[in-house]
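A quick write-up on the structure given underneath.
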Amino acid sequence: MLLFYRNLKHTRKLVEIHRFRNSSGSCNLFNSKGIYSSSRNFCSGGKSQNTDEWTEDVQYLDESGHIIYSGKGIRSVEPGLDDHIMVGGLKKPILNASAVAKLVEIVKRWKWGPDMETQLDKLQFIPNMTHIMQALKVMEDSDASLSLFRWAKRQPWYKPSDVCYITLFDKLNQSRDFDGIQSVFDDMVLDSGENGASLFNACNRVIQYLAKAEKFEVAFCCFKKIQESGCIVDTGTYNSLITVFLNNGLPYKAFEIYENMEKAGCSLDASSYELMIPSLAKSGRLDAAFKLFQQMKVNNFRPGFGIFAALVDSMGKAGRLDTSLKVYTEMQGFGLRPSATMFVSLIESFVKAGKLDTALRLWDEMKKSGFRPNYGLYTMIVESHAKSGKLDIAMSVFSDMEKAGFLPTPSTYASLLEMHSASGNVDAAMKLYNSMTNAGLRPGLSTYTALLTLLAKKKLLDVSAKILLEMKAMGYSVDVNASDVLMVYIKDGSVDLALRWLRFMGSSAIRTNNFIIRQLFESCMKSGLYEQSKPLLETYVNSAAKVDLILYTSILAHLVRCQDENNERHLMSILSATRHKAHAFMCGLFTGPEQRKQSVLSFVREFFQGIDYELEEGASRYFVNVLLNYLVLMGQINRARCVWKVAYENKLFPKAIVFDQHIAWSLDVRNLSVGAALIAVLHTLHRFRKRMLYYGVVPRRIKLVTGPTLKIVVAQMLSSVESPFEVSKVVLRAPGDAVMDWFKKPIVQQFLLNEIPSRADILMHKLNILFPSSAPEIRSLSPPKPLVAGKAL
């Protein structure tokens with residue numbers, strides 16, 4: 001680099017060249033084209049072929065013409081050797097401002113690339129990091145600044161500087177060159193690792209710039225890198241990261257950074273508190289949110305309305321109602337006024353928790369504060385109070401809702417109507433229903449169901465029919481609701497209403513199911529309406545429903561009890577309409593052996609072999625009990641004994657007879673009907689007689705376990721033949737020897753062999769009185785309880 005005149009002050013005459021000679025002998029500073037030639041390839045004392053050379057000294061004069069310096073001609077500068085200017089005879093270093101200006105001039109001219117770096121390499125002085133830093137501050141072009149910085153990094157005099165990086169990051173941020181920031185950041189991390197330089201401020205500045213630009217992924221990556229490199233993260237950086245993640249809907253990343261922040265001992269600033277606490281609360285981390293809330297107050301930050309609103313809402317929804325109410329009260333202490341949204345949130349929380357008194361108090365506060373409850377809040381208050389049974393308050397708020405111009409929803413009407421229905425308030429329920437339909441609202445299925453159930457319970461059949469037809473006109477399927485009404489009448493014992501309702505259903509083409517038809521049939525049988533019962537049974541059978549053994553047995557039980565000849569004919573007709581195989585068995589049982597072509601015992605065995613005992617064991621016991629009652633009343637003792645014998649063989653009563661060696665023999669008839677108990681006693685005593693007389697086995701005692709209900713019947717039967725059995729509370733017992741002597745009497749032999757008259761006998765003519773009148777009334781899907789018959793006696 002040449003030393004130009006502008007480096008010397010107050011110089012008027014630049015140079016006086018006494019003699020300048022080129023190789024041709026001509027002296028001229030200008031070439032053939034008149035252009036000044038100042039080529040850098042000449043140096044003093046240098047000689048070469050076909051080249052120009054300086055042969056004399058160059059004198060530098062001041063304004064007065066005095067020589068201030070003389071020397072050989074133009075020469076190349078050398079950095080470190082020529083890093084000065086001459087002031088008179090003194091060498092003075094180049095000023096920092098001049099060096100910076102020269103750097104800026106070169107960078108502005110050449111911008112970037114090899115040309116710029118070549119010019120920088122030819123500087124007459126060796127720059128330092130101060131020159132670079134000041135040049136970066138002066139330059140406005142971020143690309144040029146980045147080029148100068150990268151050139152400086154390759155120089156041996158380069159040292160990482162926190163200020164230099166900060167300046168460069170500021171420039172790149174102003175130009176929004178975030179790719180450049182990320183690239184320089186990577187270089188900075190390497191510098192920090194290789195040179196051990198402290199770049200604390202620059203690292204934090206990068207993350208803050210990236211966070212503010214919402215480059216949260218890059219920012220988080222840089223955050224992790226500086227953590228791994230051991231650099232300290234300052235409070236501002238933490239807050240910037242937390243803010244950007246919360247604003248971008250990534251609370252869990254923000255929480256992760258906050259946990260690192262806690263470990264580092266940093267604290268949030270006011271704006272971060274305002275973001276962090278609501279985010280923690282909304283994400284369900286209520287304890288952490290409340291802890292920060294308390295910490296914020298300790299650090300003398302004033303919580304904003306957003307924090308209070310988030311805490312009140314989240315605590316309420318989480319069921320922490322006391323804390324929610326406490327924060328609400330504390331907010332008022334700070335002079336903040338609750339918003340309508342906060343009132344709605346609080347009221348909803350207390351309503352859902354069932355604390356309606358507090359909800360109603362907040363409701364009143366809301367209206368006093370000048371807020372108008374919205375449609376949803378009115379609906380919630382009305383429905384919650386209605387469902388809790390507070391119909392007075394619910395109806396009061398409902399009236400206010402209508403006055404406020406809100407049209408109640410079908411669910412609101414439904415909740416009120418259903419609660420009035422449950423309370424039995426027919427007038428109020430019908431008023432609400434009419435109001436609902438007049439408003440053009442379509443009642444729901446549950447509303448219709450509740451109203452129809454209420455009307456059915458109040459036995460308002462005509463009104464029920466009207467509502468059901470309206471329901472059908474609305475497009476609902478009414479079969480189930482009509483069947484439910486019918487079931488209400490059946491359970492209530494209103495058989496006449498049930499029959500009327502069934503006729504209405506038939507006329508309206510509304511169907512019901514076989515289960516309800518069966519229930520109504522059984523109710524008619526119970527009420528003695530046998531004539532109306534048969535069409536129901538025929539409907540039941542014709543709809544492909546199968547009459548089971550229980551239902552057939554219950555009809556037979558009615559026949560056993562019946563004392564009217566006309567009703568007996570109806571019952572026999574009903575039994576025939578069942579088309580059950582048991583009826584064919586009953587008919588065959590009373591025919592002669594010529595028609596059956598087999599003995600009674602074989603016929604009975606054949607029938608019982610066709611029973612599926614896994615499915616019908618209980619029903620079979622029920623059938624045997626009722627059948628034996630019927631056979632005894634009809635005087636068919638021999639047939640009854642055959643039925644008992646086969647039933648015992650098929651283990652329907654496995655624990656009835658017990659042989660305990662020579663100690664005790666017993667018969668347990670507690671689970672049998674009256675007729676079955678009598679036949680069981682006859683048949684079992686006959687078996688005992690055979691064993692004792694033919695085999696000579698005599699037990700110490702014989703017991704007949706009758707229970708308190710059957711002991712009178714059995715004792716009365718045995719007393720006619722002077723039995724030795726003594727009657728106690730639940731057992732008839734006698735010593736084995738006494739029974740042996742008793743068995744030897746001829747009358748006992750005749751008695752046990754079934755040779756006594758049947759119905760005209762003193763014993764048998766009372767059986768129709770001894771039969772329990774309640775036995776036929778037990779007609780459910782399960783067999784009757786075994787002791788019901790005896791209890792009625």
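Labeling convention for the structure tokens: chains A, B, ... as they appear, residues from 1 per chain, ligands from 1 in order of appearance.
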Can you tell me, as a PyMOL selection string, what residues are no more than 12 Å from Lys491 (chain A) when counting only C-alpha atoms, ignoring any on the same chain fewer than 4 positions away?
chain A and resi 456-457+484-487+495+497-498+516+519-520+522-524
Please run DSSP on the backbone and report, as a count of residues only, all residues within region 472-547 of chain A that come out as helix (DSSP H, G or I).
54
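Atom pair CA of Pro699 (chain A) / CA of His662 (chain A): separated by 4.3 Å.
Going from CA of Val560 (chain A) over to CA of Leu631 (chain A), you cover 9.1 Å.
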Would you list the contacts of Gly284 (chain A) as a VMD selection string, taking every protein, DNA or RNA residue within 12 Å and counting only C-alpha atoms, but skipping same-chain residues closer than 2 positions in sequence?
chain A and resid 251 to 252 277 to 282 286 to 290 310 to 311 313 to 320
A straight line from CA of Thr706 (chain A) to CA of Val721 (chain A) spans 18.6 Å
With only C-alpha atoms as the basis for distance, which of A:Met572, A:Ala359, A:Leu633, A:Ile550 is at the shortest distance from Ala619 (chain A)?
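The closest residue to Ala619 (chain A) is A:Ile550.
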Using only C-alpha atoms, which of the listed residues (A:Leu628, A:Leu537, A:Ile347, A:Leu336) sits closest to Gly675 (chain A)?
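The closest residue to Gly675 (chain A) is A:Leu628.
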Selection: 9 Å around Leu575 (chain A), only C-alpha atoms, excl. self and same-chain fewer than 6 positions, as a ChimeraX atom specification:
/A:552,555-556,583
Find the residue from A:Asn638, A:Ser283, A:Ser723, A:Gln294 that sits nearest to Lys744 (chain A); use only C-alpha atoms when measuring.
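Among the listed residues, A:Ser723 lies closest to Lys744 (chain A).
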